[in-house]
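Before any comments, here is the structure.
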Amino acid sequence: MNFEQLSMLAPEFTMLVGGCLALLVGATSASQRAQLVSPLAFITIVAALLMTLSLGTPESAQVIPGLWLSSLTFYVRCVALVVGAIIVLVNWHQPTASERGEYMALILFSLLGVLLTASSNDLIVLFFSIELVSIPTYVLIGLSREDSRASESAVKYFFLGALSAAILAYGMSFLYGAAGTTLLQTSGDGASIAAWASHGVMSGTAIVGLLLILAGLAFKVAAVPLHVYVGDVYEGAASPITGLLGFVPKLAGFVALIQIFSACQWDVPDAAYWAIWAMAAATMTVGNVVALLQTNVKRMLAYSSVAHTGYMLVALLVGPMAGHGPMHNGVAALLFYIAVYGAMNLGLFAVLSAFARRGKPIETLDDLAGLATVSPLIGLATAVCSFSLMGLPPTAGFVGKLYVFSSAFSLGAEHAFQKPLIILAVIGVVNSAIGAAYYLRIVASVYIRESDESPTPVAGHPVRWGIALCSIPLLVLFVWPVGLLDTARQASVPTNAPVHSVKVVEASGITSAPNTTPPVLLNEMPFAAASRD
Amino acid sequence: MSIETLKLCGIIILLAPLAAAVVAGALGTRVLKSQTHWVTILGVGSAFTCSCLVFNQVVGAPAGESMATIPIYDWIPNATASMFRVELLIDPLTSLMLLVVTGVALLVVIYSRDYMRDHGQPERGYERFFAFLALFVFSMCALVLGGNFILLYLGWEAVGLCSYLLIGFYYDRPTAAAAAKKAFLVNRVGDFGFGLGILLIYLTFGSLEYTAVFDMVSRGVDAAGNTVPSSTITTIALLLLCGACGKSAQLPLHVWLPDAMEGPSPVSALIHAATMVTAGIYMIARCGAIFSASATAMTVVAVIGAVTALFAATIALVQTDMKRILAYSTISQLGYMVLGAGVYAADSAVFHLFTHAFFKALLFLGAGSVMHAMGGIIDLRQFGGLRRVLPWTFRTFVIGSLALAGFPLFSGFFSKDEIIHHALTASPVLGVMALVTAALTAFYTFRMVFLAFWGRERIPEGVHAHESGGWMLAPLMILSVGAVFAGYLGVHAVGGGFHEFLAPVFEHTFAAHRHVTHVAGVEPTLWDEYGLMVVSGAIAILAIALAYVLYVPQRWFPALVKASAVRTHRTLWNKYYVDELYDAGLVSPARRAGRVCVGLDDYLIDGLVWLATAIPRGLGYSARVLQSGFLQGYGVSMVAGIAIIMMFVFWS
């Protein structure tokens, strides 16, 4: 490892240093110094983002055996840092000044975890990265407000999170046992999970390992049956931090899933494939159906977040290379969707945190009534975010859903899972329609319903900017999705290693594999039909 | 200027008004307030400047290179269908339309600065007005710049939305709200057909790109090389015509335009006279390949145009609301343009569109100036003799009226004469209808002028009449220059090259077929043409003279006519009872059906929905039992879930 390689990790180092500085500044008792913490955190993230952009899409590069930078790293860094900056804006005045140092530092560390997840090339590094994402969130929930419910949900989240971490580590141990290495990919002929997966059929041990890893990560992304915590935890945490909870662990979880699956060459045994299929269907349905019943907006959005996990699982199941059609890359669709989801979800939570009714934070649909008359622009932003979550034009949510579901429709007839995936997409479309019902209730509350006591704005300028930065891009991305989508496509294909994973030659659209991997394998991949002509 | 510069200009034309709309909408109420008009002037002004550059480029382009399709970006990359591409088409027709749209819009925005003020104070919704106006300019530019049917449709719907928003600008006035709704609904009827037409194009040709589709249509084959039956082409053309009838207020969908005058006068001038309503004519001209490939469709187009022109002109004879007279006159003039396109003279139709934009915008703005001075009253029975009260409004209004009436050597004279000429050559019946309409037009226009400006000075009580200020008069003067001279651009004798400029657009479509229809007959001689000019000029002068005789010296005549032809007068006054007919035939039944549906909805459907949602709700409640809030319960259910997955995987 030399300095040049190390400099590629500049964004991560920046986040680390920024987090430590925030801790230090926050520790000094003077309250006017605590006012510096939020700007410091914001500047840190912006600096990390600028470094990411100046580093550009790295040629797949190994920094140390456990860390490998790729186009996926670049994409995830950009998305996490952009949304992270908005998260800091939304949390600008959270919580009381004396705790703000820790609070902001934890947000930065959690984001750092996401960045590391995207570049980890080793099961152990991956595990630590994921936990680096999760552990700060447990504390953040507890810090977020002076309320016994916050403490309760922090404790619940912690214990269940610990359980899921155990399951994840257990699963990784099985995979290690089967593959004999924890390294995901290597550039040479060395041992790695990718090399192992490309040579043989998966054993029972490996399948158990994969399923347990899937379950452990399902907790992070809030997929059925490991979604049970979301309602209580989202409700207990303060709205600004709920915006983080809905996005950051989900991004980390999906990136980790992409890392693991791509190391396994997207070659998953049929039984496991069906398990994910059932999981996706159940996640969409349960999330939407339960959300329908909620009157508490935060609980509603909690279950909506479960439903959106279901849509993203559909795209994950399609894999990076399906058949023909306008959008034939499930992983690109997923990466696009999760970025859009981050903005629209955070936007709604930012709106919730920008108002109070009768001196209390907004909790229920009733509390939102009459918001549009109080603040027309924020009302409009609420509508934009809600329509985007519904997947209606002219918002990015529509484009995202279009990509996700059309990727499921685009598999060729030679693909064994063509029909099941189409059924899954149909289930997803039906679910989108169910979902529209409760998102419309939010819009109706904001615009149509009258209230004896309208919500009063409590937010400062940073939160307002946060809302604007969430909702305006949703409209822009509808009109011009290509920029983000192209980056997502690049990120989706050669995840880590240049040698063992499949490369897609963009210009000709021909799939080719390097010599070390038998080309025959491409045709045998049930996860992804290789033909792309 | 390279293609890159052209592309940049196109993007600026689109984005500058859009940005102005966003800024005016977002910052108008708080920051800009009574200065909001500057944002819109800036946005539309930049669009106008770029339109001039584009126009200049197209004029200067060497022969055969005046058309360019400029892709901007792919909406979905690597898409198989070209419908997902955002692309601009720049050709003589587009560049001309852009010039008209942005030019008139700029003048109207400047005019509105004073018009939308009451005693110097901005009206309520001042910033909203300018935001919508800028949004309209964006939509209209998108409509004319779009390089495929998707963008055309998007622009088409967006201008409809802006029209709706601006007609209903005074939304607390019930008549304005009703008019906005009516305009929107009537346009839905047309747009439904239009949408179906576009779908049929896609189903038939597998593409929505202008160049690709028109190329296939002209060769009579689809993408796979199979012959397309002519009945399909006719169906497509008629469906597209539906859209044109709605947007350009042709029979039987004309009913919305007179009511649309509830909007502020600048809106009437810009949207409902000069630009948006001409979108139908633009579309027919643009789709010339499709229309001219079907003789049946062309006949329908011509007949609808001629009938509408005559029909609307007769109604205008008896109306007393100045803006409504102008609205019917607009319908009638649009009828001329449609007629022109229908007799394979699309270049003449576009020429009339061009001159009409000047004088009709001028007339509406003039009427607005009168209305402004009369304190919102526009009924000709309540005022008169304003010649000295509003000297400049009077002068410009008369210029506009002369142009509209087809008074010799004014712009409307040349363009209308061309259409009449082509109509006469195509079919004597259509030609005579067009000539009669011309006479009626001159008569009702000057009836209005004489009633408003001549005779004894009458001003409604309590109104302090005053001439408008410079912000309003300057656009009137600029437009009146156009109203006088725009026509000469189409006259060869003085070096006007309008038709040569447009020729590349129509040479393979309308023009090609026009020559075919002329093979049987004899090419019209110069004498035919000038003879007609003399005739139509004489008709206009006679009609104006008749109006003078009847309305200026003594005003016993209108009462006499009203008494002697009660029934005719009443029919015309009630606009042939079309609204009542629609009300009895469509609206009332629909409303009754609606009531039945509401009943069904409340009891039957809601019951079914309740039943249908009972299942998820039941599921939800049972799931809620699991959500007891106990940590142990959550942990157990998670582990149980994993166990079930494991069993599922290893058992199967």
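Labeling convention for the structure tokens: chains A, B, ... as they appear, residues from 1 per chain, ligands from 1 in order of appearance.
The chain A residues that come within 6 Å of chain B are Pro225, Leu226, Ala271, Val289, Val290 and Pro326 of chain A, with only C-alpha atoms taken into account.
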9 Å contact set for stretch 456-461 of chain A, only C-alpha atoms, chain neighbours under 6 positions out, as a ChimeraX atom specification: /A:89-90,92-93,351,353-359,371,374-375
message: Run DSSP on the backbone and tell me which residues of stretch 109-346 of chain B come out as helix (DSSP H, G or I); list them as a VMD selection string.
response: chain B and resid 109 to 115 126 to 145 149 to 167 174 to 205 210 to 219 230 to 247 256 to 262 265 to 274 276 to 286 288 to 292 295 to 316 322 to 342 346
task: Skip B:Gly342 itself and residues of its chain fewer than 2 positions away, then list as a list in words all residues within 7 Å of it, counting only C-alpha atoms.
output: Met298, Thr299, Val301, Ala302, Val338, Leu339, Gly340 and Tyr344 of chain B
List the neighbours of A:Thr57 out to 8 Å using only C-alpha atoms; skip same-chain residues closer than 2 positions along the sequence, and give me the result as a short mmCIF file (atom, residue, chain, number, x, y, z; two decimals) with N, CA and C atoms, in the first residue's frame.
```cif
data_model
loop_
_atom_site.label_atom_id
_atom_site.label_comp_id
_atom_site.auth_asym_id
_atom_site.auth_seq_id
_atom_site.Cartn_x
_atom_site.Cartn_y
_atom_site.Cartn_z
N LEU A 55 -11.85 12.14 -7.66
CA LEU A 55 -11.24 10.83 -7.90
C LEU A 55 -11.88 10.15 -9.11
N GLU A 59 -10.60 2.92 -11.87
CA GLU A 59 -10.36 1.61 -12.44
C GLU A 59 -10.35 0.67 -11.26
N SER A 70 -14.25 0.36 -6.91
CA SER A 70 -14.81 0.05 -8.22
C SER A 70 -15.83 1.12 -8.58
N SER A 71 -16.47 0.91 -9.72
CA SER A 71 -17.49 1.87 -10.12
C SER A 71 -18.67 1.85 -9.15
N PHE A 74 -17.86 4.21 -6.40
CA PHE A 74 -18.07 5.59 -6.81
C PHE A 74 -19.53 5.98 -6.70
#
```
What lies within 12 Å of B:Met97 using only C-alpha atoms, ignoring chain neighbours under 5 positions off, as an mmCIF file with all heavy atoms, in the first residue's frame?
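Generated file (result.cif):
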```
data_model
loop_
_atom_site.group_PDB
_atom_site.id
_atom_site.type_symbol
_atom_site.label_atom_id
_atom_site.label_comp_id
_atom_site.auth_asym_id
_atom_site.auth_seq_id
_atom_site.Cartn_x
_atom_site.Cartn_y
_atom_site.Cartn_z
ATOM 1 N N PHE B 48 -36.971 34.898 -27.202
ATOM 2 C CA PHE B 48 -37.200 35.607 -28.454
ATOM 3 C C PHE B 48 -35.885 35.863 -29.189
ATOM 4 O O PHE B 48 -35.772 35.650 -30.407
ATOM 5 C CB PHE B 48 -37.916 36.932 -28.174
ATOM 6 C CG PHE B 48 -38.157 37.767 -29.401
ATOM 7 C CD1 PHE B 48 -38.978 37.308 -30.413
ATOM 8 C CD2 PHE B 48 -37.553 39.007 -29.541
ATOM 9 C CE1 PHE B 48 -39.198 38.064 -31.546
ATOM 10 C CE2 PHE B 48 -37.763 39.768 -30.674
ATOM 11 C CZ PHE B 48 -38.587 39.298 -31.680
ATOM 12 N N SER B 51 -34.808 32.757 -30.692
ATOM 13 C CA SER B 51 -35.665 32.432 -31.837
ATOM 14 C C SER B 51 -35.219 33.207 -33.064
ATOM 15 O O SER B 51 -35.204 32.680 -34.177
ATOM 16 C CB SER B 51 -37.124 32.764 -31.528
ATOM 17 O OG SER B 51 -37.565 32.054 -30.427
ATOM 18 N N CYS B 52 -34.851 34.478 -32.849
ATOM 19 C CA CYS B 52 -34.361 35.284 -33.970
ATOM 20 C C CYS B 52 -33.094 34.661 -34.546
ATOM 21 O O CYS B 52 -32.934 34.572 -35.767
ATOM 22 C CB CYS B 52 -34.073 36.709 -33.523
ATOM 23 S SG CYS B 52 -35.552 37.618 -33.093
ATOM 24 N N VAL B 54 -32.182 31.539 -34.404
ATOM 25 C CA VAL B 54 -32.539 30.310 -35.112
ATOM 26 C C VAL B 54 -33.131 30.649 -36.471
ATOM 27 O O VAL B 54 -32.771 30.065 -37.496
ATOM 28 C CB VAL B 54 -33.547 29.489 -34.271
ATOM 29 C CG1 VAL B 54 -34.122 28.343 -35.089
ATOM 30 C CG2 VAL B 54 -32.892 28.963 -33.018
ATOM 31 N N PHE B 55 -34.026 31.635 -36.467
ATOM 32 C CA PHE B 55 -34.674 32.038 -37.710
ATOM 33 C C PHE B 55 -33.644 32.498 -38.731
ATOM 34 O O PHE B 55 -33.644 32.081 -39.890
ATOM 35 C CB PHE B 55 -35.661 33.166 -37.413
ATOM 36 C CG PHE B 55 -36.496 33.556 -38.591
ATOM 37 C CD1 PHE B 55 -37.558 32.761 -39.003
ATOM 38 C CD2 PHE B 55 -36.225 34.711 -39.302
ATOM 39 C CE1 PHE B 55 -38.332 33.122 -40.093
ATOM 40 C CE2 PHE B 55 -36.987 35.073 -40.390
ATOM 41 C CZ PHE B 55 -38.043 34.275 -40.786
ATOM 42 N N ILE B 90 -35.840 21.463 -36.089
ATOM 43 C CA ILE B 90 -35.805 22.868 -36.494
ATOM 44 C C ILE B 90 -35.867 22.926 -38.007
ATOM 45 O O ILE B 90 -35.018 22.351 -38.703
ATOM 46 C CB ILE B 90 -34.536 23.567 -35.955
ATOM 47 C CG1 ILE B 90 -34.649 23.662 -34.434
ATOM 48 C CG2 ILE B 90 -34.387 24.949 -36.558
ATOM 49 C CD1 ILE B 90 -33.511 24.342 -33.770
ATOM 50 N N ASP B 91 -36.891 23.559 -38.509
ATOM 51 C CA ASP B 91 -37.045 23.747 -39.941
ATOM 52 C C ASP B 91 -37.735 25.103 -40.138
ATOM 53 O O ASP B 91 -38.046 25.782 -39.146
ATOM 54 C CB ASP B 91 -37.798 22.576 -40.575
ATOM 55 C CG ASP B 91 -39.260 22.555 -40.191
ATOM 56 O OD1 ASP B 91 -39.627 23.304 -39.272
ATOM 57 O OD2 ASP B 91 -40.025 21.801 -40.803
ATOM 58 N N PRO B 92 -37.974 25.526 -41.366
ATOM 59 C CA PRO B 92 -38.587 26.848 -41.559
ATOM 60 C C PRO B 92 -39.892 27.014 -40.783
ATOM 61 O O PRO B 92 -40.114 28.055 -40.163
ATOM 62 C CB PRO B 92 -38.817 26.893 -43.060
ATOM 63 C CG PRO B 92 -37.740 26.052 -43.621
ATOM 64 C CD PRO B 92 -37.522 24.956 -42.635
ATOM 65 N N THR B 102 -42.780 33.573 -29.476
ATOM 66 C CA THR B 102 -42.000 34.335 -28.500
ATOM 67 C C THR B 102 -42.154 35.832 -28.733
ATOM 68 O O THR B 102 -42.176 36.614 -27.779
ATOM 69 C CB THR B 102 -40.511 33.938 -28.558
ATOM 70 O OG1 THR B 102 -40.070 34.101 -29.906
ATOM 71 C CG2 THR B 102 -40.304 32.520 -28.133
ATOM 72 N N GLY B 103 -42.281 36.240 -29.997
ATOM 73 C CA GLY B 103 -42.429 37.666 -30.287
ATOM 74 C C GLY B 103 -43.714 38.224 -29.713
ATOM 75 O O GLY B 103 -43.705 39.208 -28.954
ATOM 76 N N VAL B 104 -44.843 37.591 -30.050
ATOM 77 C CA VAL B 104 -46.124 38.075 -29.521
ATOM 78 C C VAL B 104 -46.116 37.968 -27.996
ATOM 79 O O VAL B 104 -46.588 38.868 -27.292
ATOM 80 C CB VAL B 104 -47.292 37.287 -30.139
ATOM 81 C CG1 VAL B 104 -48.606 37.720 -29.521
ATOM 82 C CG2 VAL B 104 -47.332 37.485 -31.630
ATOM 83 N N ALA B 105 -45.558 36.873 -27.488
ATOM 84 C CA ALA B 105 -45.543 36.688 -26.030
ATOM 85 C C ALA B 105 -44.792 37.828 -25.356
ATOM 86 O O ALA B 105 -45.226 38.359 -24.329
ATOM 87 C CB ALA B 105 -44.909 35.345 -25.677
ATOM 88 N N VAL B 137 -45.367 29.981 -22.425
ATOM 89 C CA VAL B 137 -44.387 30.157 -23.507
ATOM 90 C C VAL B 137 -43.499 28.928 -23.612
ATOM 91 O O VAL B 137 -43.220 28.423 -24.710
ATOM 92 C CB VAL B 137 -43.547 31.430 -23.283
ATOM 93 C CG1 VAL B 137 -42.485 31.558 -24.354
ATOM 94 C CG2 VAL B 137 -44.443 32.653 -23.292
ATOM 95 N N MET B 140 -45.568 26.095 -25.222
ATOM 96 C CA MET B 140 -45.823 26.306 -26.639
ATOM 97 C C MET B 140 -44.541 26.094 -27.449
ATOM 98 O O MET B 140 -44.570 25.523 -28.545
ATOM 99 C CB MET B 140 -46.365 27.727 -26.829
ATOM 100 C CG MET B 140 -46.937 28.006 -28.183
ATOM 101 S SD MET B 140 -48.473 27.112 -28.500
ATOM 102 C CE MET B 140 -48.497 27.144 -30.280
ATOM 103 N N CYS B 141 -43.420 26.542 -26.890
ATOM 104 C CA CYS B 141 -42.148 26.319 -27.595
ATOM 105 C C CYS B 141 -41.830 24.834 -27.653
ATOM 106 O O CYS B 141 -41.319 24.345 -28.668
ATOM 107 C CB CYS B 141 -41.013 27.067 -26.896
ATOM 108 S SG CYS B 141 -41.117 28.839 -27.103
ATOM 109 N N ALA B 142 -42.153 24.115 -26.575
ATOM 110 C CA ALA B 142 -41.921 22.668 -26.599
ATOM 111 C C ALA B 142 -42.790 22.025 -27.675
ATOM 112 O O ALA B 142 -42.356 21.107 -28.375
ATOM 113 C CB ALA B 142 -42.240 22.056 -25.236
ATOM 114 N N LEU B 143 -43.999 22.524 -27.805
ATOM 115 C CA LEU B 143 -44.910 21.978 -28.816
ATOM 116 C C LEU B 143 -44.347 22.149 -30.221
ATOM 117 O O LEU B 143 -44.351 21.223 -31.030
ATOM 118 C CB LEU B 143 -46.264 22.678 -28.677
ATOM 119 C CG LEU B 143 -47.493 22.128 -29.396
ATOM 120 C CD1 LEU B 143 -48.741 22.610 -28.686
ATOM 121 C CD2 LEU B 143 -47.554 22.527 -30.839
ATOM 122 N N VAL B 144 -43.853 23.352 -30.521
ATOM 123 C CA VAL B 144 -43.390 23.571 -31.893
ATOM 124 C C VAL B 144 -41.977 23.050 -32.128
ATOM 125 O O VAL B 144 -41.624 22.721 -33.245
ATOM 126 C CB VAL B 144 -43.470 25.053 -32.318
ATOM 127 C CG1 VAL B 144 -44.899 25.469 -32.491
ATOM 128 C CG2 VAL B 144 -42.785 25.963 -31.362
ATOM 129 N N LEU B 145 -41.181 22.941 -31.045
ATOM 130 C CA LEU B 145 -39.796 22.507 -31.239
ATOM 131 C C LEU B 145 -39.650 20.994 -31.239
ATOM 132 O O LEU B 145 -38.686 20.455 -31.755
ATOM 133 C CB LEU B 145 -38.918 23.076 -30.126
ATOM 134 C CG LEU B 145 -38.155 24.364 -30.406
ATOM 135 C CD1 LEU B 145 -37.442 24.813 -29.158
ATOM 136 C CD2 LEU B 145 -37.164 24.188 -31.526
ATOM 137 N N ALA B 274 -53.406 34.416 -30.830
ATOM 138 C CA ALA B 274 -52.198 34.418 -31.651
ATOM 139 C C ALA B 274 -51.489 33.079 -31.676
ATOM 140 O O ALA B 274 -50.980 32.677 -32.718
ATOM 141 C CB ALA B 274 -51.240 35.498 -31.145
ATOM 142 N N THR B 275 -51.435 32.365 -30.553
ATOM 143 C CA THR B 275 -50.539 31.203 -30.534
ATOM 144 C C THR B 275 -51.230 29.873 -30.295
ATOM 145 O O THR B 275 -51.324 29.051 -31.185
ATOM 146 C CB THR B 275 -49.427 31.410 -29.490
ATOM 147 O OG1 THR B 275 -50.025 31.659 -28.239
ATOM 148 C CG2 THR B 275 -48.552 32.558 -29.876
ATOM 149 N N MET B 276 -51.736 29.649 -29.066
ATOM 150 C CA MET B 276 -52.156 28.283 -28.746
ATOM 151 C C MET B 276 -53.201 27.748 -29.714
ATOM 152 O O MET B 276 -53.127 26.593 -30.137
ATOM 153 C CB MET B 276 -52.690 28.182 -27.331
ATOM 154 C CG MET B 276 -53.006 26.750 -26.957
ATOM 155 S SD MET B 276 -53.958 26.590 -25.450
ATOM 156 C CE MET B 276 -55.604 26.815 -26.046
ATOM 157 N N THR B 278 -53.564 28.277 -32.644
ATOM 158 C CA THR B 278 -53.031 27.939 -33.959
ATOM 159 C C THR B 278 -52.242 26.633 -33.932
ATOM 160 O O THR B 278 -51.738 26.193 -34.960
ATOM 161 C CB THR B 278 -52.124 29.055 -34.497
ATOM 162 O OG1 THR B 278 -51.046 29.218 -33.584
ATOM 163 C CG2 THR B 278 -52.880 30.354 -34.610
ATOM 164 N N ALA B 279 -52.148 26.021 -32.732
ATOM 165 C CA ALA B 279 -51.413 24.759 -32.632
ATOM 166 C C ALA B 279 -52.024 23.701 -33.544
ATOM 167 O O ALA B 279 -51.308 22.877 -34.124
ATOM 168 C CB ALA B 279 -51.401 24.272 -31.191
ATOM 169 N N ILE B 281 -53.442 24.182 -36.432
ATOM 170 C CA ILE B 281 -52.996 24.434 -37.812
ATOM 171 C C ILE B 281 -51.531 24.025 -37.958
ATOM 172 O O ILE B 281 -51.152 23.403 -38.949
ATOM 173 C CB ILE B 281 -53.203 25.915 -38.188
ATOM 174 C CG1 ILE B 281 -54.669 26.200 -38.439
ATOM 175 C CG2 ILE B 281 -52.470 26.261 -39.476
ATOM 176 C CD1 ILE B 281 -55.468 26.573 -37.271
ATOM 177 N N TYR B 282 -50.739 24.343 -36.930
ATOM 178 C CA TYR B 282 -49.336 23.928 -36.962
ATOM 179 C C TYR B 282 -49.244 22.409 -37.102
ATOM 180 O O TYR B 282 -48.462 21.889 -37.900
ATOM 181 C CB TYR B 282 -48.617 24.376 -35.691
ATOM 182 C CG TYR B 282 -47.302 23.687 -35.484
ATOM 183 C CD1 TYR B 282 -46.173 24.084 -36.204
ATOM 184 C CD2 TYR B 282 -47.175 22.611 -34.619
ATOM 185 C CE1 TYR B 282 -44.972 23.433 -36.048
ATOM 186 C CE2 TYR B 282 -45.980 21.951 -34.456
ATOM 187 C CZ TYR B 282 -44.878 22.361 -35.170
ATOM 188 O OH TYR B 282 -43.697 21.704 -35.020
ATOM 189 N N MET B 283 -50.076 21.718 -36.307
ATOM 190 C CA MET B 283 -50.007 20.255 -36.314
ATOM 191 C C MET B 283 -50.391 19.705 -37.684
ATOM 192 O O MET B 283 -49.726 18.807 -38.210
ATOM 193 C CB MET B 283 -50.911 19.709 -35.212
ATOM 194 C CG MET B 283 -50.774 18.235 -34.954
ATOM 195 S SD MET B 283 -51.957 17.305 -35.881
ATOM 196 C CE MET B 283 -53.440 17.702 -34.981
ATOM 197 N N ALA B 285 -50.148 21.224 -40.498
ATOM 198 C CA ALA B 285 -49.068 21.554 -41.426
ATOM 199 C C ALA B 285 -47.881 20.628 -41.216
ATOM 200 O O ALA B 285 -47.286 20.128 -42.178
ATOM 201 C CB ALA B 285 -48.640 23.004 -41.228
ATOM 202 N N ARG B 286 -47.567 20.374 -39.927
ATOM 203 C CA ARG B 286 -46.428 19.512 -39.622
ATOM 204 C C ARG B 286 -46.675 18.093 -40.130
ATOM 205 O O ARG B 286 -45.776 17.447 -40.655
ATOM 206 C CB ARG B 286 -46.197 19.526 -38.099
ATOM 207 C CG ARG B 286 -45.207 18.563 -37.554
ATOM 208 C CD ARG B 286 -43.823 18.773 -38.081
ATOM 209 N NE ARG B 286 -43.160 19.936 -37.535
ATOM 210 C CZ ARG B 286 -42.333 20.699 -38.257
ATOM 211 N NH1 ARG B 286 -42.094 20.415 -39.514
ATOM 212 N NH2 ARG B 286 -41.752 21.737 -37.710
ATOM 213 N N VAL B 350 -50.363 28.896 -43.175
ATOM 214 C CA VAL B 350 -49.361 29.372 -42.219
ATOM 215 C C VAL B 350 -49.119 30.872 -42.396
ATOM 216 O O VAL B 350 -48.905 31.599 -41.433
ATOM 217 C CB VAL B 350 -48.054 28.575 -42.378
ATOM 218 C CG1 VAL B 350 -46.960 29.134 -41.493
ATOM 219 C CG2 VAL B 350 -48.290 27.115 -42.045
ATOM 220 N N PHE B 351 -49.209 31.325 -43.640
ATOM 221 C CA PHE B 351 -49.059 32.753 -43.900
ATOM 222 C C PHE B 351 -50.175 33.530 -43.201
ATOM 223 O O PHE B 351 -49.947 34.559 -42.557
ATOM 224 C CB PHE B 351 -49.099 32.996 -45.421
ATOM 225 C CG PHE B 351 -48.888 34.417 -45.827
ATOM 226 C CD1 PHE B 351 -47.987 35.231 -45.150
ATOM 227 C CD2 PHE B 351 -49.576 34.955 -46.915
ATOM 228 C CE1 PHE B 351 -47.794 36.548 -45.536
ATOM 229 C CE2 PHE B 351 -49.382 36.261 -47.298
ATOM 230 C CZ PHE B 351 -48.493 37.065 -46.603
ATOM 231 N N LEU B 353 -51.853 32.455 -40.645
ATOM 232 C CA LEU B 353 -51.554 32.312 -39.212
ATOM 233 C C LEU B 353 -50.598 33.419 -38.763
ATOM 234 O O LEU B 353 -50.774 34.046 -37.718
ATOM 235 C CB LEU B 353 -50.932 30.938 -38.984
ATOM 236 C CG LEU B 353 -50.608 30.407 -37.590
ATOM 237 C CD1 LEU B 353 -50.425 28.906 -37.667
ATOM 238 C CD2 LEU B 353 -49.361 31.011 -36.983
ATOM 239 N N PHE B 354 -49.609 33.659 -39.612
ATOM 240 C CA PHE B 354 -48.572 34.648 -39.298
ATOM 241 C C PHE B 354 -49.166 36.048 -39.229
ATOM 242 O O PHE B 354 -49.004 36.768 -38.238
ATOM 243 C CB PHE B 354 -47.495 34.538 -40.385
ATOM 244 C CG PHE B 354 -46.381 35.522 -40.261
ATOM 245 C CD1 PHE B 354 -45.475 35.434 -39.223
ATOM 246 C CD2 PHE B 354 -46.216 36.527 -41.219
ATOM 247 C CE1 PHE B 354 -44.439 36.345 -39.123
ATOM 248 C CE2 PHE B 354 -45.190 37.428 -41.118
ATOM 249 C CZ PHE B 354 -44.299 37.347 -40.067
ATOM 250 N N THR B 355 -49.901 36.452 -40.259
ATOM 251 C CA THR B 355 -50.461 37.814 -40.250
ATOM 252 C C THR B 355 -51.549 37.942 -39.180
ATOM 253 O O THR B 355 -51.642 38.954 -38.491
ATOM 254 C CB THR B 355 -51.056 38.158 -41.623
ATOM 255 O OG1 THR B 355 -52.058 37.186 -41.943
ATOM 256 C CG2 THR B 355 -50.006 38.164 -42.699
ATOM 257 N N ALA B 357 -51.694 36.506 -36.355
ATOM 258 C CA ALA B 357 -51.101 36.677 -35.028
ATOM 259 C C ALA B 357 -50.908 38.150 -34.718
ATOM 260 O O ALA B 357 -51.183 38.605 -33.611
ATOM 261 C CB ALA B 357 -49.770 35.938 -34.965
ATOM 262 N N LEU B 502 -40.979 28.786 -46.834
ATOM 263 C CA LEU B 502 -41.653 27.606 -46.305
ATOM 264 C C LEU B 502 -41.633 26.435 -47.286
ATOM 265 O O LEU B 502 -41.900 25.301 -46.899
ATOM 266 C CB LEU B 502 -43.109 27.940 -45.976
ATOM 267 C CG LEU B 502 -43.353 28.659 -44.653
ATOM 268 C CD1 LEU B 502 -44.833 28.910 -44.458
ATOM 269 C CD2 LEU B 502 -42.826 27.846 -43.483
#
```
- prompt: Using only C-alpha atoms, which residue out of B:Val549, B:Val389, B:Ala180, B:Val307 lies closest to B:Phe446?
  reply: B:Val549
- request: Identify which of the residues A:Met344, A:Ala425, A:Ala223, A:Ala252 lies closest to A:Ala315, counting only C-alpha atoms when measuring atom-to-atom distances.
  value: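 Distance minimum relative to A:Ala315 lands on A:Ala425.
Comparing B:Phe410, B:Phe453, B:Phe184, B:Phe485 by their smallest distance to B:Gly160, the closest is B:Phe184 (using only C-alpha atoms).
The protein and nucleic acid residues lying at most 9 Å from B:Val23 are Leu18, Ala19, Ala20, Ala21, Gly25, Ala26, Leu27, Gly28, Thr36, Val39, Thr40 and Ala131 of chain B, with only C-alpha atoms considered and sequence neighbours fewer than 2 positions away removed.
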query: Which neighbours of B:Leu208 fall inside 10 Å, counting only C-alpha atoms, when residues of the same chain fewer than 2 positions from it are skipped, and could you give them as JSON, numbers by chain?
result: {"B": [81, 82, 83, 84, 85, 147, 148, 149, 150, 151, 198, 199, 201, 202, 203, 205, 206, 210, 211, 212, 213, 214]}
